[in-house]
Structure formats: structure tokens, C-alpha cells
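Contents: one structure, followed by commentary.
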Amino acid sequence: MLAASPAAALHKRERSPSQSETKTLAERLGYPRDAKLLIVHADDLGVAHSVNSASIKALESGLVSSASIMIPCPWLPEIAAYARAHPEADLGLHLTLTSEWSLYRWGPVLGKERVPSLLDSSGYLYPLEREAAAHMDIQEAEAEIRAQIARAKALGIQPTHLDSHMGTLYQSKALFEMLVRVASENKLPFRLSRESFTRAPFMPSLLGPGDVVLDRIISIEPTVAPADWSKFYAEEIKNLKPGVTCMIVHLAFADDEMKGVTFGHPNWGAEWRQRDFDFVTSDAFRKLLKENNVKLITWREVGKLIGKTER
């Protein structure tokens with residue numbers, strides 16, 4: 001067998017860049033290729049005083065690096081005041097088109113006359129994401145999302161990113177396209193991982209060259225028993241792969257307020273949120289991060305890549 005000439009080999013290398021020549025998201029953020037980067041992200045700020053208090057305490061502990069706010073919810077003014085007083089806090093918008101609690105409901109920012117397709121028979125946002133997606137008019141959904149962003153900014157919140165409460169905006173190609181477009185217009189990153197592509201193969205074709213995609217997302221599910229809560233998170237941290245991961249948590253205290261808010265809903269309820277809070281503010285979590293060389297980062301850092309064409 002004849003060996004390839006040096007010129008031919010060089011030509012082949014030029015046409016087929018090696019994996020090492022393609023920057024990972026970690027490298028684009030200025031970290032080594034093998035860095036284990038983690039956004040610890042608290043959802044649902046604005047739902048209740050208990051959620052706000054626990055989330056603020058966790059953010060200030062330094063072990064939760066980011067959070068997102070639900071603009072239609074009753075305790076928005078409290079967390080908006082915090083955002084104004086702490087512009088350094090990494091706070092995004094948890095775009096909200098559902099209202100899941102049976103005894104504690106909210107409606108859209110725009111009101112029922114402007115966006116009637118978003119409302120169930122009780123006059124509130126639908127409780128389930130698939131039900132909401134099946135009934136909503138896309139133009140009305142977009143108007144509501146834009147109104148939520150506008151209200152946040154009017155209250156002095158400068159969002160660092162967008163995500164979707166209960167994943168409603170990932171339920172269809174039309175909704176996801178709208179999220180991508182609105183995020184791009186606002187020059188904000190939105191929560192998405194490469195793992196999502198297997199569940200929703202329409203996603204990659206809708207992304208622009210300047211959109212940022214995380215490597216993976218961690219989120220605890222109802223299949224995990226309360227006694228195994230800390231074990232689940234500890235194993236995830238110990239097995240964390242190089243790249244950028246977002247760990248989603250839901251924080252609150254298991255107090256009377258939160259028990260009332262989540263009445264009849266043990267999943268993501270008061271006790272669930274207390275367990276999340278207890279873990280992410282613990283010395284054990286801090287030790288796990290250090291022992292496993294995990295670096296906490298924020299969405300603000302990720303947002304600096306928006307508009308740059310390498311993805």
C-alpha cells in the first residue's frame with residue numbers, strides 16, 4: 001500500500017479539522033476544555049414570600065449562582081425590589097404561561113381581554129403545559145411573553161437570561177421558534193441543552209449561529225424518594241462531566257404560607273422545596289463542589305457569547 005504524500009495529508013487535515021480545533025462552550029467562556037462548570041439555578045421567584053426569602057438566602061450563600069422570576073405572580077414586587085437593590089444578582093425571567101397550583105392561581109400580565117386563548121374556564125392560565133400549548137393562539141402567547149419582559153424592565157429588573165416555566169415554550173415548534181426569536185431580539189440567552197435535541201428534533205434547525213446551547217441540565221424528579229434527595233444531588237456532582245451544566249432547583253421554606261400555596265401538590269411542593277434549599281445551602285454541597293473541582297458560573301457570563309457566531 002502506497003503512503004499518502006505529505007501534501008495530500010496536509011490537505012486532508014485542512015479540510016477535516018480535528019475535535020481539538022473546535023472550541024467547546026467552556027473554552028468559549030475562557031475556561032479549559034476539561035473544566036466542569038455549573039450554573040445552580042433557582043426557579044419560581046415571585047410565587048410567594050417563602051420562595052423569595054429562601055432563594056435570596058441561597059443566592060447570598062454563594063452556592064446558588066442564578067435564579068429566574070415569574071412576572072405574573074403576586075410576590076413580584078418583593079423580588080423586583082431586591083433586583084433593583086442588587087443589580088449584581090444573576091436574575092432572569094421564568095416566562096410563564098401556566099398556573100399549576102389548585103388553590104393559588106394567577107393570570108396573564110395582559111389580562112383576559114387581550115389574550116383569551118391563554119385562559120382556562122376559571123379565567124386563569126392553564127395548569128398544565130401541554131393543555132396550555134394545545135389551546136393558545138401563538139400571537140397571543142407572544143404578546144404575553146413580550147409584556148412580561150416589558151413589565152420586568154419597567155420594574156427595574158435587568159434580566160440576564162430567559163427560561164420557560166414548566167417548559168411550556170418547548171412544547172411545539174411554533175412556541176420554540178417564538179422563544180428563540182424573542183430571546184434574540186432582547187440579546188439574551190435562554191435555557192436549552194443538547195440533550196433536548198433527542199426529545200425535540202425540530203430544535204437545532206431553529207437556532208441561529210449566535211445562540212448558546214448548554215451541554216446538559218440536571219433536575220430532580222418525583223421518582224427520587226425524600227430519603228435519597230441528598231444522595232441524588234451528590235451523585236450528580238461526583239459524576240459531572242466537563243462542560244457547562246445547569247442544575248435546576250426549586251427553593252422555599254416548608255412554612256404555612258408555602259404549604260397553603262402548594263396544597264395537594266407534594267411534587268414541587270413545600271417539603272420538596274425545603275429539601276432543595278437544605279441541600280444547596282449546606283456545607284456538604286460546598287465540600288462536594290470543591291472536592292470535585294466544580295466551578296460555579298452564571299448566566300451573565302454565558303450571555304456575553306450571545307451574537308457570536310461559533311456554537
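Chain identifiers are assigned as A, B, and so on, following the order in which chains appear in the C-alpha cells; residues are numbered from 1 within each chain, and ligands are numbered from 1 in order of appearance.
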
- [ ] Please provide the set of residues having any atom within 6 Å of range 203-220 of chain A, restricted to only C-alpha atoms, with same-chain residues fewer than 4 positions apart removed, written as a PyMOL selection string.
- [x] chain A and resi 192-194+244-248+306-309

- [ ] From range 55-169 of chain A, collect each residue whose DSSP state is strand (DSSP E or B) and return the set as a PyMOL selection string.
- [x] chain A and resi 66-69+91-95+119+125+162-164

If you keep N, CA and C atoms, can you produce a file of those selected residues as a compact mmCIF listing (two decimals), in the first residue's frame?
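Output file part08.txt is given in full below:
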# COMPACT_ATOMS: atom_id res chain seq x y z
N SER A 66 -27.67 31.58 40.25
CA SER A 66 -28.60 32.23 39.34
C SER A 66 -30.02 31.89 39.74
N ALA A 67 -30.98 32.68 39.26
CA ALA A 67 -32.39 32.42 39.54
C ALA A 67 -33.23 33.11 38.48
N SER A 68 -34.52 32.74 38.42
CA SER A 68 -35.41 33.41 37.46
C SER A 68 -36.76 33.71 38.09
N ILE A 69 -37.38 34.78 37.59
CA ILE A 69 -38.55 35.41 38.20
C ILE A 69 -39.79 35.18 37.34
N LEU A 91 -30.24 37.35 37.72
CA LEU A 91 -31.67 37.07 37.71
C LEU A 91 -32.22 37.13 36.29
N GLY A 92 -32.89 36.06 35.88
CA GLY A 92 -33.53 36.01 34.58
C GLY A 92 -35.04 36.00 34.73
N LEU A 93 -35.73 35.73 33.63
CA LEU A 93 -37.19 35.68 33.62
C LEU A 93 -37.65 34.27 33.33
N HIS A 94 -38.52 33.78 34.20
CA HIS A 94 -39.12 32.44 34.08
C HIS A 94 -40.45 32.64 33.35
N LEU A 95 -40.40 32.76 32.03
CA LEU A 95 -41.57 33.13 31.23
C LEU A 95 -42.72 32.18 31.53
N LEU A 119 -56.33 31.38 28.69
CA LEU A 119 -57.06 31.18 29.94
C LEU A 119 -57.92 29.93 29.92
N LEU A 125 -54.48 31.15 33.90
CA LEU A 125 -53.65 30.39 32.97
C LEU A 125 -53.86 28.89 33.20
N LEU A 162 -33.43 34.04 29.80
CA LEU A 162 -34.83 33.64 29.76
C LEU A 162 -34.92 32.13 29.95
N ASP A 163 -36.00 31.68 30.59
CA ASP A 163 -36.34 30.26 30.57
C ASP A 163 -37.86 30.14 30.62
N SER A 164 -38.36 28.94 30.61
CA SER A 164 -39.80 28.72 30.43
C SER A 164 -40.37 27.92 31.59

Task: Shell of 9 Å around Arg130 in chain A, only C-alpha atoms, local chain residues under 3 positions omitted, as a list in words - done: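 Listed by chain and then number, they are Ala133, Ala134, His135, Thr168 and Gln171 of chain A.
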
Glu129 in chain A surroundings by only C-alpha atoms, 9 Å radius, close-in-sequence under 5 positions cut, as a PDB file with N, CA and C atoms, in the first residue's frame:
ATOM      1  N   LEU A  97     -46.646  30.819  31.252  1.00  0.00           N
ATOM      2  CA  LEU A  97     -47.915  30.658  30.533  1.00  0.00           C
ATOM      3  C   LEU A  97     -48.790  29.593  31.181  1.00  0.00           C
ATOM      4  N   THR A  98     -48.429  29.173  32.400  1.00  0.00           N
ATOM      5  CA  THR A  98     -49.222  28.194  33.144  1.00  0.00           C
ATOM      6  C   THR A  98     -49.348  28.631  34.597  1.00  0.00           C
ATOM      7  N   GLU A 100     -50.132  26.331  37.957  1.00  0.00           N
ATOM      8  CA  GLU A 100     -50.315  24.916  38.264  1.00  0.00           C
ATOM      9  C   GLU A 100     -50.948  24.584  39.605  1.00  0.00           C
ATOM     10  N   ALA A 134     -51.827  23.453  23.696  1.00  0.00           N
ATOM     11  CA  ALA A 134     -52.863  22.997  22.763  1.00  0.00           C
ATOM     12  C   ALA A 134     -53.924  24.060  22.508  1.00  0.00           C
ATOM     13  N   HIS A 165     -41.321  28.509  32.313  1.00  0.00           N
ATOM     14  CA  HIS A 165     -41.967  27.810  33.425  1.00  0.00           C
ATOM     15  C   HIS A 165     -42.660  26.547  32.923  1.00  0.00           C
ATOM     16  N   MET A 166     -42.312  25.418  33.534  1.00  0.00           N
ATOM     17  CA  MET A 166     -42.867  24.106  33.190  1.00  0.00           C
ATOM     18  C   MET A 166     -42.554  23.684  31.750  1.00  0.00           C
ATOM     19  N   GLY A 167     -41.625  24.391  31.106  1.00  0.00           N
ATOM     20  CA  GLY A 167     -41.225  24.019  29.750  1.00  0.00           C
ATOM     21  C   GLY A 167     -42.273  24.255  28.685  1.00  0.00           C
ATOM     22  N   THR A 168     -43.224  25.152  28.950  1.00  0.00           N
ATOM     23  CA  THR A 168     -44.322  25.367  28.000  1.00  0.00           C
ATOM     24  C   THR A 168     -43.823  25.793  26.627  1.00  0.00           C
ATOM     25  N   LEU A 169     -42.788  26.628  26.595  1.00  0.00           N
ATOM     26  CA  LEU A 169     -42.303  27.149  25.318  1.00  0.00           C
ATOM     27  C   LEU A 169     -41.459  26.144  24.536  1.00  0.00           C
ATOM     28  N   GLN A 171     -42.918  23.068  23.964  1.00  0.00           N
ATOM     29  CA  GLN A 171     -43.934  22.064  23.659  1.00  0.00           C
ATOM     30  C   GLN A 171     -44.236  21.927  22.172  1.00  0.00           C
TER      31      GLN A 171
END

Open item on the list: Quick check, in Å to one decimal: how far apart do CA of Leu288 in chain A and CA of Asp43 in chain A lie?
Closed with: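 Going from CA of Leu288 in chain A over to CA of Asp43 in chain A covers 22.1 Å.
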
Once DSSP has gone over the backbone, tell me which residues of range 49-274 of chain A are in alpha helix (DSSP H), as a PDB file with C-alpha atoms, in the first residue's frame.
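In the end it all went to part-v8.pdb:
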ATOM      1  CA  HIS A  49     -42.630  35.340  50.048  1.00  0.00           C
ATOM      2  CA  SER A  50     -41.311  31.943  51.158  1.00  0.00           C
ATOM      3  CA  VAL A  51     -39.837  31.285  47.701  1.00  0.00           C
ATOM      4  CA  ASN A  52     -38.285  34.749  47.537  1.00  0.00           C
ATOM      5  CA  SER A  53     -36.791  34.543  51.030  1.00  0.00           C
ATOM      6  CA  ALA A  54     -35.270  31.097  50.544  1.00  0.00           C
ATOM      7  CA  SER A  55     -33.946  31.943  47.073  1.00  0.00           C
ATOM      8  CA  ILE A  56     -32.364  35.208  48.204  1.00  0.00           C
ATOM      9  CA  LYS A  57     -30.696  33.459  51.135  1.00  0.00           C
ATOM     10  CA  ALA A  58     -29.371  30.765  48.793  1.00  0.00           C
ATOM     11  CA  LEU A  59     -28.091  33.319  46.280  1.00  0.00           C
ATOM     12  CA  GLU A  60     -26.315  35.219  49.030  1.00  0.00           C
ATOM     13  CA  SER A  61     -24.749  31.999  50.323  1.00  0.00           C
ATOM     14  CA  LEU A  76     -43.211  40.009  42.088  1.00  0.00           C
ATOM     15  CA  PRO A  77     -42.877  43.453  43.784  1.00  0.00           C
ATOM     16  CA  GLU A  78     -40.732  41.994  46.567  1.00  0.00           C
ATOM     17  CA  ILE A  79     -38.249  40.302  44.276  1.00  0.00           C
ATOM     18  CA  ALA A  80     -38.247  43.286  41.892  1.00  0.00           C
ATOM     19  CA  ALA A  81     -37.182  45.492  44.807  1.00  0.00           C
ATOM     20  CA  TYR A  82     -34.379  43.045  45.553  1.00  0.00           C
ATOM     21  CA  ALA A  83     -33.280  43.081  41.912  1.00  0.00           C
ATOM     22  CA  ARG A  84     -33.115  46.873  41.905  1.00  0.00           C
ATOM     23  CA  ALA A  85     -31.103  46.906  45.125  1.00  0.00           C
ATOM     24  CA  GLU A 129     -48.112  22.930  29.895  1.00  0.00           C
ATOM     25  CA  ARG A 130     -49.471  20.594  27.193  1.00  0.00           C
ATOM     26  CA  GLU A 131     -53.000  21.805  27.776  1.00  0.00           C
ATOM     27  CA  ALA A 132     -51.845  25.409  27.564  1.00  0.00           C
ATOM     28  CA  ALA A 133     -49.894  24.763  24.367  1.00  0.00           C
ATOM     29  CA  ALA A 134     -52.863  22.997  22.763  1.00  0.00           C
ATOM     30  CA  HIS A 135     -55.254  25.905  23.358  1.00  0.00           C
ATOM     31  CA  ILE A 138     -49.319  31.811  19.156  1.00  0.00           C
ATOM     32  CA  GLN A 139     -49.709  35.538  18.564  1.00  0.00           C
ATOM     33  CA  GLU A 140     -51.403  35.949  21.936  1.00  0.00           C
ATOM     34  CA  ALA A 141     -48.687  33.876  23.614  1.00  0.00           C
ATOM     35  CA  GLU A 142     -46.001  36.055  22.052  1.00  0.00           C
ATOM     36  CA  ALA A 143     -47.798  39.229  23.115  1.00  0.00           C
ATOM     37  CA  GLU A 144     -47.938  37.933  26.702  1.00  0.00           C
ATOM     38  CA  ILE A 145     -44.265  36.943  26.732  1.00  0.00           C
ATOM     39  CA  ARG A 146     -43.260  40.347  25.422  1.00  0.00           C
ATOM     40  CA  ALA A 147     -45.466  42.005  28.050  1.00  0.00           C
ATOM     41  CA  GLN A 148     -43.767  40.011  30.810  1.00  0.00           C
ATOM     42  CA  ILE A 149     -40.342  41.142  29.611  1.00  0.00           C
ATOM     43  CA  ALA A 150     -41.533  44.746  29.352  1.00  0.00           C
ATOM     44  CA  ARG A 151     -43.022  44.680  32.862  1.00  0.00           C
ATOM     45  CA  ALA A 152     -39.810  43.260  34.292  1.00  0.00           C
ATOM     46  CA  LYS A 153     -37.752  46.033  32.738  1.00  0.00           C
ATOM     47  CA  ALA A 154     -40.248  48.687  33.837  1.00  0.00           C
ATOM     48  CA  LYS A 173     -42.055  24.057  17.053  1.00  0.00           C
ATOM     49  CA  ALA A 174     -44.058  27.287  16.819  1.00  0.00           C
ATOM     50  CA  LEU A 175     -43.628  28.101  20.514  1.00  0.00           C
ATOM     51  CA  PHE A 176     -39.926  27.308  20.481  1.00  0.00           C
ATOM     52  CA  GLU A 177     -39.381  29.419  17.367  1.00  0.00           C
ATOM     53  CA  MET A 178     -41.071  32.288  19.169  1.00  0.00           C
ATOM     54  CA  LEU A 179     -38.805  31.873  22.211  1.00  0.00           C
ATOM     55  CA  VAL A 180     -35.684  31.848  20.031  1.00  0.00           C
ATOM     56  CA  ARG A 181     -36.801  34.983  18.190  1.00  0.00           C
ATOM     57  CA  VAL A 182     -37.802  36.952  21.295  1.00  0.00           C
ATOM     58  CA  ALA A 183     -34.588  35.984  23.088  1.00  0.00           C
ATOM     59  CA  SER A 184     -32.525  37.060  20.078  1.00  0.00           C
ATOM     60  CA  GLU A 185     -34.286  40.418  19.855  1.00  0.00           C
ATOM     61  CA  SER A 196     -33.153  18.349  24.448  1.00  0.00           C
ATOM     62  CA  PHE A 197     -32.474  17.693  20.763  1.00  0.00           C
ATOM     63  CA  THR A 198     -33.271  13.989  21.087  1.00  0.00           C
ATOM     64  CA  ARG A 199     -36.715  14.765  22.544  1.00  0.00           C
ATOM     65  CA  MET A 203     -34.916  22.489  17.761  1.00  0.00           C
ATOM     66  CA  PRO A 204     -31.480  22.623  16.067  1.00  0.00           C
ATOM     67  CA  SER A 205     -32.856  23.922  12.770  1.00  0.00           C
ATOM     68  CA  LEU A 206     -34.461  26.886  14.557  1.00  0.00           C
ATOM     69  CA  TRP A 229     -32.548  13.624  47.995  1.00  0.00           C
ATOM     70  CA  SER A 230     -29.004  14.469  49.044  1.00  0.00           C
ATOM     71  CA  LYS A 231     -27.693  11.231  47.544  1.00  0.00           C
ATOM     72  CA  PHE A 232     -29.175  12.121  44.139  1.00  0.00           C
ATOM     73  CA  TYR A 233     -27.521  15.535  44.040  1.00  0.00           C
ATOM     74  CA  ALA A 234     -24.229  14.220  45.441  1.00  0.00           C
ATOM     75  CA  GLU A 235     -24.024  11.548  42.733  1.00  0.00           C
ATOM     76  CA  GLU A 236     -24.759  14.123  40.034  1.00  0.00           C
ATOM     77  CA  ILE A 237     -21.925  16.333  41.273  1.00  0.00           C
ATOM     78  CA  LYS A 238     -19.485  13.418  41.602  1.00  0.00           C
ATOM     79  CA  ASP A 256     -47.567  27.687  56.482  1.00  0.00           C
ATOM     80  CA  GLU A 257     -47.529  30.039  53.502  1.00  0.00           C
ATOM     81  CA  MET A 258     -45.865  27.541  51.180  1.00  0.00           C
ATOM     82  CA  LYS A 259     -47.958  24.648  52.442  1.00  0.00           C
ATOM     83  CA  GLY A 260     -51.033  26.685  51.532  1.00  0.00           C
ATOM     84  CA  VAL A 261     -49.682  27.675  48.117  1.00  0.00           C
ATOM     85  CA  ALA A 270     -43.339  22.894  50.253  1.00  0.00           C
ATOM     86  CA  GLU A 271     -41.375  19.929  51.613  1.00  0.00           C
ATOM     87  CA  TRP A 272     -39.719  19.353  48.212  1.00  0.00           C
ATOM     88  CA  ARG A 273     -38.511  22.959  48.147  1.00  0.00           C
ATOM     89  CA  GLN A 274     -37.276  22.814  51.721  1.00  0.00           C
TER      90      GLN A 274
END

Open item on the list: Report as a list in words all protein, DNA and RNA residues lying within 7 Å of Cys73 in chain A, evaluated on only C-alpha atoms, omitting residues in the same chain fewer than 2 positions from it.
Closed with: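 With the cut-off at 7 Å, the set is Gly46, Val47, Met70, Ile71, Trp75, Leu76 and Trp106 of chain A.
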
Open item on the list: List the spatial neighbours of Leu29 in chain A as a PyMOL selection string - criterion: any atom at most 9 Å away, only C-alpha atoms, same-chain residues fewer than 6 positions off excluded.
Closed with: chain A and resi 301-302+304-305

Open item on the list: What's the separation between CA of Phe190 in chain A and CA of Ala48 in chain A, in Å to one decimal place?
Closed with: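 These two atoms are separated by 23.8 Å.
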
Open item on the list: Between CA of Val64 in chain A and CA of Val294 in chain A, what distance in Å does the model show, to one decimal?
Closed with: 13.0 Å
